[in-house]
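Participant: mmCIF, C-alpha atoms, saved as data.cif, coming up:
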data_upload
#
loop_
_atom_site.label_atom_id
_atom_site.label_comp_id
_atom_site.auth_asym_id
_atom_site.auth_seq_id
_atom_site.Cartn_x
_atom_site.Cartn_y
_atom_site.Cartn_z
CA MET A 1420 -83.01 -64.69 -43.42
CA THR A 1421 -83.33 -68.19 -41.95
CA ASP A 1422 -82.49 -71.29 -43.99
CA THR A 1423 -85.75 -72.97 -42.88
CA PRO A 1424 -88.53 -72.15 -45.37
CA LYS A 1425 -91.43 -70.22 -43.93
CA ILE A 1426 -93.81 -72.41 -45.93
CA GLU A 1427 -92.97 -75.78 -47.47
CA LEU A 1428 -95.31 -78.04 -49.40
CA ARG A 1429 -94.13 -81.59 -50.08
CA GLY A 1430 -96.02 -83.94 -52.36
CA LEU A 1431 -99.36 -82.29 -51.66
CA LYS A 1432 -102.29 -84.24 -53.09
CA LYS A 1433 -106.01 -83.56 -52.92
CA ALA A 1434 -108.89 -85.05 -54.88
CA PHE A 1435 -112.64 -84.68 -54.72
CA GLY A 1436 -114.01 -88.02 -55.80
CA PRO A 1437 -112.46 -88.86 -59.18
CA LYS A 1438 -111.34 -85.27 -59.79
CA VAL A 1439 -107.67 -84.81 -58.86
CA VAL A 1440 -107.10 -81.16 -57.96
CA LEU A 1441 -103.60 -81.25 -56.48
CA ASP A 1442 -101.30 -83.98 -57.79
CA GLY A 1443 -98.04 -83.85 -55.88
CA VAL A 1444 -97.35 -80.15 -55.36
CA ASP A 1445 -93.89 -79.20 -54.06
CA LEU A 1446 -93.21 -75.56 -53.18
CA THR A 1447 -91.01 -73.65 -50.76
CA VAL A 1448 -91.51 -70.03 -49.75
CA GLY A 1449 -88.64 -68.41 -47.90
CA ALA A 1450 -88.97 -66.01 -44.99
CA GLY A 1451 -89.72 -62.52 -46.30
CA GLU A 1452 -90.35 -63.79 -49.81
CA SER A 1453 -93.39 -63.00 -51.96
CA VAL A 1454 -94.55 -65.93 -54.10
CA VAL A 1455 -97.52 -65.80 -56.45
CA ILE A 1456 -99.32 -68.91 -57.71
CA ILE A 1457 -100.95 -68.33 -61.09
CA GLY A 1458 -103.27 -70.54 -63.08
CA GLY A 1459 -106.69 -70.61 -64.63
CA SER A 1460 -109.99 -70.94 -62.79
CA GLY A 1461 -110.48 -74.37 -61.28
CA THR A 1462 -106.79 -75.33 -61.35
CA GLY A 1463 -106.54 -75.82 -57.59
CA LYS A 1464 -105.04 -72.52 -56.42
CA SER A 1465 -107.71 -71.96 -53.77
CA VAL A 1466 -107.60 -75.60 -52.69
CA ALA A 1467 -103.86 -75.30 -52.04
CA LEU A 1468 -104.47 -72.20 -49.94
CA LYS A 1469 -107.24 -73.89 -47.96
CA CYS A 1470 -105.00 -76.87 -47.27
CA ILE A 1471 -102.27 -74.60 -45.88
CA LEU A 1472 -104.84 -72.83 -43.70
CA GLY A 1473 -106.17 -76.13 -42.41
CA LEU A 1474 -109.62 -75.59 -43.92
CA LEU A 1475 -109.12 -78.69 -46.07
CA ARG A 1476 -107.05 -81.74 -45.22
CA PRO A 1477 -104.84 -83.02 -48.05
CA ASP A 1478 -105.12 -86.68 -49.02
CA SER A 1479 -101.36 -86.98 -48.67
CA GLY A 1480 -98.26 -84.85 -48.42
CA SER A 1481 -96.78 -82.43 -45.91
CA ILE A 1482 -97.35 -78.77 -45.11
CA LEU A 1483 -94.60 -77.31 -42.99
CA ILE A 1484 -94.73 -73.86 -41.41
CA ASP A 1485 -91.35 -72.80 -39.98
CA GLY A 1486 -90.34 -76.46 -40.25
CA GLN A 1487 -93.33 -77.70 -38.25
CA GLU A 1488 -95.69 -80.27 -39.77
CA THR A 1489 -99.19 -78.79 -39.70
CA VAL A 1490 -101.30 -81.45 -41.41
CA GLY A 1491 -103.64 -82.82 -38.78
CA LEU A 1492 -102.93 -80.15 -36.18
CA ARG A 1493 -105.92 -79.30 -33.99
CA GLY A 1494 -106.95 -77.18 -31.05
CA GLN A 1495 -104.32 -74.96 -29.47
CA ASP A 1496 -101.56 -76.29 -31.71
CA ARG A 1497 -103.53 -75.21 -34.79
CA ASP A 1498 -104.37 -71.86 -33.17
CA LYS A 1499 -100.67 -71.14 -32.56
CA VAL A 1500 -99.89 -71.70 -36.22
CA MET A 1501 -102.90 -69.67 -37.38
CA ALA A 1502 -101.79 -66.74 -35.22
CA LYS A 1503 -98.92 -66.27 -37.69
CA PHE A 1504 -101.30 -65.63 -40.59
CA GLY A 1505 -103.12 -62.64 -42.02
CA MET A 1506 -105.37 -62.92 -45.07
CA LEU A 1507 -106.96 -60.67 -47.65
CA PHE A 1508 -109.98 -62.49 -49.04
CA GLN A 1509 -111.14 -62.31 -52.64
CA GLY A 1510 -114.25 -60.22 -51.97
CA ALA A 1511 -112.76 -58.38 -48.95
CA ALA A 1512 -115.23 -60.48 -46.87
CA LEU A 1513 -116.02 -57.71 -44.41
CA PHE A 1514 -118.66 -58.01 -41.70
CA ASP A 1515 -121.46 -55.58 -42.60
CA SER A 1516 -122.77 -55.73 -39.03
CA LEU A 1517 -119.54 -54.24 -37.69
CA PRO A 1518 -118.09 -50.77 -38.29
CA VAL A 1519 -114.91 -50.53 -40.31
CA TRP A 1520 -112.60 -50.23 -37.31
CA GLN A 1521 -113.97 -53.42 -35.74
CA ASN A 1522 -113.45 -55.23 -39.03
CA VAL A 1523 -109.82 -54.12 -39.05
CA ALA A 1524 -109.37 -54.97 -35.38
CA PHE A 1525 -111.21 -58.29 -35.55
CA GLY A 1526 -108.10 -60.40 -34.96
CA LEU A 1527 -106.98 -58.12 -32.14
CA LEU A 1528 -110.36 -58.24 -30.41
CA GLN A 1529 -111.26 -61.88 -30.98
CA GLY A 1530 -107.86 -63.52 -31.24
CA GLN A 1531 -105.75 -61.48 -28.83
CA ARG A 1532 -108.56 -60.22 -26.56
CA MET A 1533 -107.12 -56.72 -26.76
CA PRO A 1534 -109.02 -53.89 -24.98
CA ARG A 1535 -111.36 -52.11 -27.38
CA ARG A 1536 -109.79 -48.67 -27.00
CA GLN A 1537 -106.31 -49.96 -27.79
CA ALA A 1538 -107.63 -52.07 -30.67
CA LYS A 1539 -109.41 -49.06 -32.18
CA GLU A 1540 -106.24 -46.97 -32.01
CA ILE A 1541 -104.31 -49.67 -33.85
CA ALA A 1542 -107.13 -50.01 -36.39
CA ILE A 1543 -107.09 -46.28 -37.16
CA THR A 1544 -103.30 -46.31 -37.50
CA THR A 1545 -103.50 -49.32 -39.82
CA LEU A 1546 -106.23 -47.68 -41.91
CA ALA A 1547 -103.89 -44.72 -42.38
CA GLU A 1548 -101.20 -47.09 -43.65
CA VAL A 1549 -103.54 -48.14 -46.50
CA GLY A 1550 -104.57 -44.57 -47.28
CA LEU A 1551 -107.85 -44.29 -45.35
CA GLY A 1552 -108.61 -41.54 -42.83
CA ALA A 1553 -109.98 -41.85 -39.32
CA ASP A 1554 -113.36 -40.61 -40.60
CA VAL A 1555 -113.84 -44.03 -42.23
CA ALA A 1556 -113.45 -45.95 -38.95
CA ASP A 1557 -117.06 -45.71 -37.79
CA LEU A 1558 -118.68 -46.22 -41.18
CA SER A 1559 -120.34 -49.45 -42.26
CA PRO A 1560 -118.51 -51.44 -44.96
CA SER A 1561 -121.61 -51.07 -47.15
CA GLU A 1562 -120.96 -47.32 -47.28
CA LEU A 1563 -117.58 -47.84 -48.95
CA SER A 1564 -116.63 -48.31 -52.59
CA GLY A 1565 -115.14 -51.60 -53.76
CA GLY A 1566 -111.63 -50.18 -53.71
CA MET A 1567 -112.07 -48.82 -50.19
CA GLN A 1568 -113.45 -52.15 -49.01
CA LYS A 1569 -110.37 -53.86 -50.42
CA ARG A 1570 -108.16 -51.42 -48.51
CA VAL A 1571 -110.06 -52.20 -45.31
CA GLY A 1572 -109.55 -55.90 -46.01
CA LEU A 1573 -105.82 -55.28 -46.42
CA ALA A 1574 -105.75 -53.28 -43.19
CA ARG A 1575 -107.39 -56.20 -41.38
CA ALA A 1576 -104.85 -58.61 -42.87
CA ILE A 1577 -101.86 -56.62 -41.55
CA ALA A 1578 -103.30 -55.25 -38.27
CA THR A 1579 -102.01 -58.16 -36.18
CA ASN A 1580 -98.47 -57.84 -37.63
CA PRO A 1581 -98.61 -61.34 -39.13
CA GLU A 1582 -95.55 -63.28 -40.18
CA ILE A 1583 -97.33 -64.70 -43.24
CA ILE A 1584 -100.00 -63.03 -45.38
CA PHE A 1585 -102.21 -64.77 -47.92
CA PHE A 1586 -103.77 -62.79 -50.74
CA ASP A 1587 -106.68 -64.47 -52.52
CA GLU A 1588 -107.28 -62.81 -55.92
CA PRO A 1589 -106.57 -59.37 -54.39
CA THR A 1590 -107.49 -57.31 -57.47
CA THR A 1591 -110.68 -59.12 -58.52
CA GLY A 1592 -113.51 -56.71 -59.29
CA LEU A 1593 -111.32 -53.60 -59.34
CA ASP A 1594 -110.68 -51.29 -62.26
CA PRO A 1595 -107.08 -51.29 -63.56
CA ILE A 1596 -106.08 -48.10 -61.73
CA MET A 1597 -107.46 -49.20 -58.35
CA ALA A 1598 -105.96 -52.65 -58.91
CA ASP A 1599 -102.54 -51.04 -59.32
CA VAL A 1600 -103.10 -48.99 -56.16
CA ILE A 1601 -103.88 -52.20 -54.24
CA ASN A 1602 -100.80 -53.91 -55.72
CA ASP A 1603 -98.62 -51.01 -54.53
CA LEU A 1604 -100.20 -51.17 -51.05
CA ILE A 1605 -99.64 -54.92 -50.87
CA ARG A 1606 -96.01 -54.60 -51.85
CA THR A 1607 -95.40 -51.75 -49.41
CA SER A 1608 -97.24 -53.44 -46.54
CA VAL A 1609 -95.46 -56.76 -46.96
CA ARG A 1610 -92.04 -55.10 -47.06
CA HIS A 1611 -92.86 -52.89 -44.07
CA LEU A 1612 -93.84 -55.90 -41.98
CA GLY A 1613 -91.03 -58.09 -43.28
CA ALA A 1614 -93.73 -60.67 -43.86
CA THR A 1615 -93.82 -63.71 -46.11
CA ALA A 1616 -96.53 -63.45 -48.78
CA LEU A 1617 -98.33 -66.11 -50.77
CA THR A 1618 -100.81 -64.88 -53.38
CA ILE A 1619 -103.11 -66.69 -55.78
CA THR A 1620 -104.30 -64.85 -58.84
CA HIS A 1621 -104.81 -64.98 -62.60
CA ASP A 1622 -104.11 -61.24 -62.90
CA MET A 1623 -100.68 -61.10 -64.50
CA ALA A 1624 -100.23 -57.37 -63.90
CA SER A 1625 -100.71 -58.04 -60.19
CA ALA A 1626 -98.49 -61.12 -60.17
CA SER A 1627 -95.65 -59.33 -61.93
CA LYS A 1628 -95.79 -56.39 -59.54
CA ILE A 1629 -95.95 -58.11 -56.17
CA ALA A 1630 -94.02 -61.36 -56.72
CA ASP A 1631 -90.40 -62.26 -56.16
CA ARG A 1632 -91.14 -65.65 -57.69
CA ILE A 1633 -94.09 -66.99 -59.67
CA ALA A 1634 -95.34 -70.57 -59.79
CA MET A 1635 -97.87 -71.84 -62.33
CA LEU A 1636 -100.35 -74.53 -61.35
CA TYR A 1637 -101.81 -76.60 -64.17
CA GLN A 1638 -103.65 -79.92 -63.96
CA GLY A 1639 -102.72 -80.33 -60.32
CA LYS A 1640 -98.98 -79.78 -60.76
CA LEU A 1641 -96.62 -76.84 -60.60
CA ILE A 1642 -95.34 -76.82 -64.15
CA TRP A 1643 -93.03 -73.80 -63.77
CA VAL A 1644 -91.47 -71.93 -60.86
CA GLY A 1645 -89.11 -69.04 -61.39
CA PRO A 1646 -88.30 -65.37 -60.86
CA ALA A 1647 -91.12 -62.96 -61.67
CA SER A 1648 -88.80 -61.20 -64.10
CA GLU A 1649 -88.62 -64.34 -66.23
CA VAL A 1650 -92.30 -65.30 -66.41
CA TYR A 1651 -92.84 -63.68 -69.81
CA ASP A 1652 -89.81 -65.50 -71.19
CA SER A 1653 -90.16 -68.85 -69.43
CA GLY A 1654 -89.66 -71.13 -72.41
CA ASN A 1655 -92.67 -73.14 -71.22
CA PRO A 1656 -95.49 -73.17 -73.82
CA TYR A 1657 -98.22 -73.51 -71.15
CA VAL A 1658 -96.90 -70.58 -69.14
CA ASP A 1659 -96.34 -68.55 -72.30
CA GLN A 1660 -99.93 -69.05 -73.45
CA PHE A 1661 -101.36 -68.19 -70.03
CA VAL A 1662 -99.35 -65.05 -69.30
CA HIS A 1663 -99.98 -63.64 -72.78
CA GLY A 1664 -103.67 -64.57 -72.69
CA ARG A 1665 -103.70 -66.46 -75.98
CA ALA A 1666 -106.58 -68.69 -77.04
CA GLU A 1667 -104.27 -70.82 -79.14
CA GLY A 1668 -101.84 -73.13 -77.40
CA PRO A 1669 -101.58 -76.33 -75.38
CA ILE A 1670 -104.11 -75.15 -72.76
CA ARG A 1671 -107.61 -75.86 -74.00
CA ALA A 1672 -110.26 -73.63 -72.44
CA GLY A 1673 -113.22 -75.98 -72.48
CA LEU A 1674 -116.73 -74.63 -72.27
CA ARG A 1675 -118.16 -74.92 -68.76
CA ASP A 1676 -121.73 -75.67 -67.81
#
Take the structure from the file and write it as structure tokens.
Facilitator:
Amino acid sequence: MTDTPKIELRGLKKAFGPKVVLDGVDLTVGAGESVVIIGGSGTGKSVALKCILGLLRPDSGSILIDGQETVGLRGQDRDKVMAKFGMLFQGAALFDSLPVWQNVAFGLLQGQRMPRRQAKEIAITTLAEVGLGADVADLSPSELSGGMQKRVGLARAIATNPEIIFFDEPTTGLDPIMADVINDLIRTSVRHLGATALTITHDMASASKIADRIAMLYQGKLIWVGPASEVYDSGNPYVDQFVHGRAEGPIRAGLRD
């Protein structure tokens, strides 16, 4: 394992008008490590992810990937960094106009310009790794259940053998049993690839299962970072309230419009 963090955030700040979403976030993720960022809805988890991916530009701060500053990168330099990433989106985000195998092979076909026959073979092999048979390959995503769609999304995320995988609320919309199946697949896939994983979620069962370390984002700051095994005994009243799902505590769940 290299001493250079795979991902490093330094003093990351982002505001939308008067609303400060990220207020000086510092976080390091080591090579091969799985880190989960927890926090309530609207706490900035997705904004942090979008900043790392280059979809949003932070107001200030640094985002280093393998020691390279990525804030402001464009064109081929950005493409080289992005080639290291795989991502499982919150709603699977599959293309209904494409059969399952082309969804899985999308990065191979579009990013690497791989021949279709070779890409389909890899797609079918990758589908098998997430528990789906070759008979699924030519189906439309709309013909699949929510759990199967999530598996296809995971297959797409790992098909290019990425160095870093992002998981955006990976168990949202799944029943508890299927959520646990997806958690097991995530853990197995990440370890098999030797990849670095960064996940955002408010599902504590998922966080506890797939994380080496957990970080809690609250009011734009990381208020606790520690081993997943210690999150239920953190000594932090904000973390304690969140992970146990208690209405009473320092976090006030205001009514939203």
Participant: When distances are computed from all atoms listed in the file, which of A:Asn1655, A:Thr1620, A:Gln1509, A:Gln1531 shows the smallest separation from A:Ile1457?
Facilitator: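 The answer is A:Thr1620, which sits nearest to A:Ile1457.
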Participant: Which is closest to A:Met1623 among A:Ile1456, A:Ile1426, A:Val1466, A:Ala1553, if we use all atoms listed in the file?
Facilitator: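 Closest candidate: A:Ile1456.
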Participant: Nearest to A:Asn1602: which of A:Pro1581, A:Pro1518, A:Gly1668, A:Gly1566 is it, counting all atoms listed in the file?
Facilitator: A:Gly1566
Participant: Mind dumping a table of every stretch 1451-1499 of chain A residue within 10 Å of stretch 1587-1601 of chain A, with the nearest atom pair and its distance in Å to one decimal, using all atoms listed in the file, sorted by chain and rising number, as a tab-separated table?
Facilitator:
residue	atom	partner	partner_atom	distance
A:Ile1457	CA	A:Glu1588	CA	9.9
A:Lys1464	CA	A:Asp1587	CA	9.1
A:Ser1465	CA	A:Asp1587	CA	7.7
A:Leu1468	CA	A:Asp1587	CA	8.4
Participant: Give me the residues near A:Arg1671 as a PyMOL selection string, where near means some atom within 12 Å (using all atoms listed in the file) and where sequence neighbours in that chain fewer than 3 positions away do not count.
Facilitator: chain A and resi 1459+1637-1638+1657+1660-1661+1665-1668+1674-1675
Participant: Run the PyMOL selection byres ((chain A and resi 1653) around 12) against the file shown and list the residues it catches, as a list in words.
Facilitator: Ile1633, Ala1634, Met1635, Ile1642, Trp1643, Val1644, Gly1645, Pro1646, Ala1647, Ser1648, Glu1649, Val1650, Tyr1651, Asp1652, Gly1654, Asn1655, Pro1656, Tyr1657, Val1658, Asp1659, Gln1660, Phe1661, Val1662 and His1663 of chain A
Participant: Calculated over all atoms listed in the file, which of the candidates A:Leu1428, A:Ala1630, A:Val1523, A:Leu1472 has the smallest distance to A:Met1501?
Facilitator: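 With all atoms listed in the file as the atom set, the closest residue is A:Leu1472.
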Participant: Near A:Val1439, within 10 Å and counting all atoms listed in the file, which residues show up once chain neighbours fewer than 6 positions away are dropped, as an NGL selection string?
Facilitator: :A and (1432-1433 or 1462-1463 or 1638-1639)
Participant: Could you list the residues chosen by the PyMOL selection byres ((chain A and resi 1575) around 10) in this structure as a ChimeraX atom specification?
Facilitator: /A:1505-1507,1511,1513,1519-1527,1542,1545-1546,1569-1574,1576-1580
Participant: To one decimal place, how far is atom CA of A:Val1448 from atom CA of A:Ile1471 in Å?
Facilitator: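 About the pair atom CA of A:Val1448 and atom CA of A:Ile1471: they are 12.3 Å apart.
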Participant: Ranking A:Val1549, A:Ile1484, A:Ala1616, A:Leu1528 by minimum distance to A:Val1500 and counting all atoms listed in the file, which one comes first?
Facilitator: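 Among A:Val1549, A:Ile1484, A:Ala1616, A:Leu1528, it is A:Ile1484 that comes nearest to A:Val1500.
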Participant: Measuring between all atoms listed in the file, which one of A:Lys1503, A:Val1444, A:Val1455, A:Ala1538 shows the shortest distance to A:Ser1625?
Facilitator: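 The closest residue to A:Ser1625 is A:Val1455.
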Participant: Can you work out the spacing between atom CA of A:Glu1562 and atom CA of A:Asp1515 in Å, to one decimal?
Facilitator: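 A separation of 9.5 Å between them.
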Participant: Name all residues at most 10 Å from A:Leu1431 (count all atoms listed in the file; drop same-chain ones fewer than 2 positions away) and give them as a list in words.
Facilitator: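 Using all atoms listed in the file, the neighbours found are Leu1428, Arg1429, Lys1433, Leu1441, Asp1442, Gly1443, Val1444, Asp1445, Leu1446, Ala1467, Cys1470, Pro1477, Asp1478, Ser1479, Gly1480, Ser1481, Ile1482, Gly1639 and Lys1640 of chain A.
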Participant: Just C-alpha atoms for this one: save the residues we selected as a compact mmCIF listing (two decimals), keeping the file's coordinate frame.
Facilitator:
# COMPACT_ATOMS: atom_id res chain seq x y z
CA LEU A 1428 -95.31 -78.04 -49.40
CA ARG A 1429 -94.13 -81.59 -50.08
CA LYS A 1433 -106.01 -83.56 -52.92
CA LEU A 1441 -103.60 -81.25 -56.48
CA ASP A 1442 -101.30 -83.98 -57.79
CA GLY A 1443 -98.04 -83.85 -55.88
CA VAL A 1444 -97.35 -80.15 -55.36
CA ASP A 1445 -93.89 -79.20 -54.06
CA LEU A 1446 -93.21 -75.56 -53.18
CA ALA A 1467 -103.86 -75.30 -52.04
CA CYS A 1470 -105.00 -76.87 -47.27
CA PRO A 1477 -104.84 -83.02 -48.05
CA ASP A 1478 -105.12 -86.68 -49.02
CA SER A 1479 -101.36 -86.98 -48.67
CA GLY A 1480 -98.26 -84.85 -48.42
CA SER A 1481 -96.78 -82.43 -45.91
CA ILE A 1482 -97.35 -78.77 -45.11
CA GLY A 1639 -102.72 -80.33 -60.32
CA LYS A 1640 -98.98 -79.78 -60.76
Participant: Tell me, in Å to one decimal, how far atom CA of A:Gly1458 is from atom CA of A:Phe1435.
Facilitator: 18.9 Å
Participant: Kindly reconstruct stretch 1588-1623 of chain A with N, CA and C atoms and present the result as a PDB file, in the frame of the given file.
Facilitator:
ATOM      1  N   GLU A1588    -106.783 -63.636 -54.809  1.00  0.00           N
ATOM      2  CA  GLU A1588    -107.280 -62.810 -55.920  1.00  0.00           C
ATOM      3  C   GLU A1588    -107.478 -61.354 -55.465  1.00  0.00           C
ATOM      4  N   PRO A1589    -106.420 -60.686 -55.031  1.00  0.00           N
ATOM      5  CA  PRO A1589    -106.570 -59.370 -54.390  1.00  0.00           C
ATOM      6  C   PRO A1589    -107.112 -58.261 -55.268  1.00  0.00           C
ATOM      7  N   THR A1590    -107.041 -58.408 -56.599  1.00  0.00           N
ATOM      8  CA  THR A1590    -107.490 -57.310 -57.470  1.00  0.00           C
ATOM      9  C   THR A1590    -108.800 -57.626 -58.200  1.00  0.00           C
ATOM     10  N   THR A1591    -109.418 -58.751 -57.870  1.00  0.00           N
ATOM     11  CA  THR A1591    -110.680 -59.120 -58.520  1.00  0.00           C
ATOM     12  C   THR A1591    -111.740 -58.042 -58.310  1.00  0.00           C
ATOM     13  N   GLY A1592    -112.412 -57.663 -59.384  1.00  0.00           N
ATOM     14  CA  GLY A1592    -113.510 -56.710 -59.290  1.00  0.00           C
ATOM     15  C   GLY A1592    -113.089 -55.252 -59.256  1.00  0.00           C
ATOM     16  N   LEU A1593    -111.795 -54.985 -59.378  1.00  0.00           N
ATOM     17  CA  LEU A1593    -111.320 -53.600 -59.340  1.00  0.00           C
ATOM     18  C   LEU A1593    -110.943 -53.128 -60.739  1.00  0.00           C
ATOM     19  N   ASP A1594    -111.117 -51.827 -60.982  1.00  0.00           N
ATOM     20  CA  ASP A1594    -110.680 -51.290 -62.260  1.00  0.00           C
ATOM     21  C   ASP A1594    -109.144 -51.281 -62.284  1.00  0.00           C
ATOM     22  N   PRO A1595    -108.537 -51.155 -63.467  1.00  0.00           N
ATOM     23  CA  PRO A1595    -107.080 -51.290 -63.560  1.00  0.00           C
ATOM     24  C   PRO A1595    -106.298 -50.315 -62.699  1.00  0.00           C
ATOM     25  N   ILE A1596    -106.802 -49.090 -62.548  1.00  0.00           N
ATOM     26  CA  ILE A1596    -106.080 -48.100 -61.730  1.00  0.00           C
ATOM     27  C   ILE A1596    -106.132 -48.481 -60.265  1.00  0.00           C
ATOM     28  N   MET A1597    -107.344 -48.820 -59.750  1.00  0.00           N
ATOM     29  CA  MET A1597    -107.460 -49.200 -58.350  1.00  0.00           C
ATOM     30  C   MET A1597    -106.718 -50.506 -58.087  1.00  0.00           C
ATOM     31  N   ALA A1598    -106.712 -51.415 -59.065  1.00  0.00           N
ATOM     32  CA  ALA A1598    -105.960 -52.650 -58.910  1.00  0.00           C
ATOM     33  C   ALA A1598    -104.475 -52.356 -58.704  1.00  0.00           C
ATOM     34  N   ASP A1599    -103.953 -51.392 -59.451  1.00  0.00           N
ATOM     35  CA  ASP A1599    -102.540 -51.040 -59.320  1.00  0.00           C
ATOM     36  C   ASP A1599    -102.264 -50.385 -57.974  1.00  0.00           C
ATOM     37  N   VAL A1600    -103.225 -49.595 -57.496  1.00  0.00           N
ATOM     38  CA  VAL A1600    -103.100 -48.990 -56.160  1.00  0.00           C
ATOM     39  C   VAL A1600    -103.006 -50.090 -55.101  1.00  0.00           C
ATOM     40  N   ILE A1601    -103.884 -51.093 -55.206  1.00  0.00           N
ATOM     41  CA  ILE A1601    -103.880 -52.200 -54.240  1.00  0.00           C
ATOM     42  C   ILE A1601    -102.566 -52.981 -54.337  1.00  0.00           C
ATOM     43  N   ASN A1602    -102.085 -53.214 -55.561  1.00  0.00           N
ATOM     44  CA  ASN A1602    -100.800 -53.910 -55.720  1.00  0.00           C
ATOM     45  C   ASN A1602     -99.678 -53.153 -55.024  1.00  0.00           C
ATOM     46  N   ASP A1603     -99.650 -51.824 -55.187  1.00  0.00           N
ATOM     47  CA  ASP A1603     -98.620 -51.010 -54.530  1.00  0.00           C
ATOM     48  C   ASP A1603     -98.736 -51.111 -53.007  1.00  0.00           C
ATOM     49  N   LEU A1604     -99.981 -51.072 -52.492  1.00  0.00           N
ATOM     50  CA  LEU A1604    -100.200 -51.170 -51.050  1.00  0.00           C
ATOM     51  C   LEU A1604     -99.761 -52.527 -50.512  1.00  0.00           C
ATOM     52  N   ILE A1605    -100.056 -53.577 -51.276  1.00  0.00           N
ATOM     53  CA  ILE A1605     -99.640 -54.920 -50.870  1.00  0.00           C
ATOM     54  C   ILE A1605     -98.125 -55.000 -50.777  1.00  0.00           C
ATOM     55  N   ARG A1606     -97.471 -54.531 -51.824  1.00  0.00           N
ATOM     56  CA  ARG A1606     -96.010 -54.600 -51.850  1.00  0.00           C
ATOM     57  C   ARG A1606     -95.390 -53.798 -50.703  1.00  0.00           C
ATOM     58  N   THR A1607     -95.912 -52.601 -50.479  1.00  0.00           N
ATOM     59  CA  THR A1607     -95.400 -51.750 -49.410  1.00  0.00           C
ATOM     60  C   THR A1607     -95.652 -52.360 -48.040  1.00  0.00           C
ATOM     61  N   SER A1608     -96.873 -52.871 -47.838  1.00  0.00           N
ATOM     62  CA  SER A1608     -97.240 -53.440 -46.540  1.00  0.00           C
ATOM     63  C   SER A1608     -96.413 -54.669 -46.207  1.00  0.00           C
ATOM     64  N   VAL A1609     -96.227 -55.537 -47.179  1.00  0.00           N
ATOM     65  CA  VAL A1609     -95.460 -56.760 -46.960  1.00  0.00           C
ATOM     66  C   VAL A1609     -94.007 -56.428 -46.604  1.00  0.00           C
ATOM     67  N   ARG A1610     -93.435 -55.488 -47.332  1.00  0.00           N
ATOM     68  CA  ARG A1610     -92.040 -55.100 -47.060  1.00  0.00           C
ATOM     69  C   ARG A1610     -91.910 -54.424 -45.703  1.00  0.00           C
ATOM     70  N   HIS A1611     -92.892 -53.594 -45.356  1.00  0.00           N
ATOM     71  CA  HIS A1611     -92.860 -52.890 -44.070  1.00  0.00           C
ATOM     72  C   HIS A1611     -92.901 -53.873 -42.909  1.00  0.00           C
ATOM     73  N   LEU A1612     -93.721 -54.905 -43.038  1.00  0.00           N
ATOM     74  CA  LEU A1612     -93.840 -55.900 -41.980  1.00  0.00           C
ATOM     75  C   LEU A1612     -92.697 -56.910 -41.989  1.00  0.00           C
ATOM     76  N   GLY A1613     -92.011 -57.024 -43.131  1.00  0.00           N
ATOM     77  CA  GLY A1613     -91.030 -58.090 -43.280  1.00  0.00           C
ATOM     78  C   GLY A1613     -91.692 -59.439 -43.368  1.00  0.00           C
ATOM     79  N   ALA A1614     -92.931 -59.449 -43.836  1.00  0.00           N
ATOM     80  CA  ALA A1614     -93.730 -60.670 -43.860  1.00  0.00           C
ATOM     81  C   ALA A1614     -93.433 -61.527 -45.086  1.00  0.00           C
ATOM     82  N   THR A1615     -93.828 -62.781 -44.983  1.00  0.00           N
ATOM     83  CA  THR A1615     -93.820 -63.710 -46.110  1.00  0.00           C
ATOM     84  C   THR A1615     -95.196 -63.630 -46.761  1.00  0.00           C
ATOM     85  N   ALA A1616     -95.245 -63.583 -48.086  1.00  0.00           N
ATOM     86  CA  ALA A1616     -96.530 -63.450 -48.780  1.00  0.00           C
ATOM     87  C   ALA A1616     -96.727 -64.574 -49.776  1.00  0.00           C
ATOM     88  N   LEU A1617     -97.939 -65.129 -49.766  1.00  0.00           N
ATOM     89  CA  LEU A1617     -98.330 -66.110 -50.770  1.00  0.00           C
ATOM     90  C   LEU A1617     -99.649 -65.645 -51.369  1.00  0.00           C
ATOM     91  N   THR A1618     -99.653 -65.440 -52.677  1.00  0.00           N
ATOM     92  CA  THR A1618    -100.810 -64.880 -53.380  1.00  0.00           C
ATOM     93  C   THR A1618    -101.266 -65.858 -54.445  1.00  0.00           C
ATOM     94  N   ILE A1619    -102.589 -65.960 -54.632  1.00  0.00           N
ATOM     95  CA  ILE A1619    -103.110 -66.690 -55.780  1.00  0.00           C
ATOM     96  C   ILE A1619    -103.894 -65.713 -56.643  1.00  0.00           C
ATOM     97  N   THR A1620    -103.641 -65.787 -57.942  1.00  0.00           N
ATOM     98  CA  THR A1620    -104.300 -64.850 -58.840  1.00  0.00           C
ATOM     99  C   THR A1620    -104.191 -65.351 -60.288  1.00  0.00           C
ATOM    100  N   HIS A1621    -105.032 -64.804 -61.157  1.00  0.00           N
ATOM    101  CA  HIS A1621    -104.810 -64.980 -62.600  1.00  0.00           C
ATOM    102  C   HIS A1621    -104.585 -63.626 -63.260  1.00  0.00           C
ATOM    103  N   ASP A1622    -104.387 -62.597 -62.426  1.00  0.00           N
ATOM    104  CA  ASP A1622    -104.110 -61.240 -62.900  1.00  0.00           C
ATOM    105  C   ASP A1622    -102.598 -61.085 -63.052  1.00  0.00           C
ATOM    106  N   MET A1623    -102.122 -61.115 -64.282  1.00  0.00           N
ATOM    107  CA  MET A1623    -100.680 -61.100 -64.500  1.00  0.00           C
ATOM    108  C   MET A1623    -100.037 -59.767 -64.148  1.00  0.00           C
TER     109      MET A1623
END
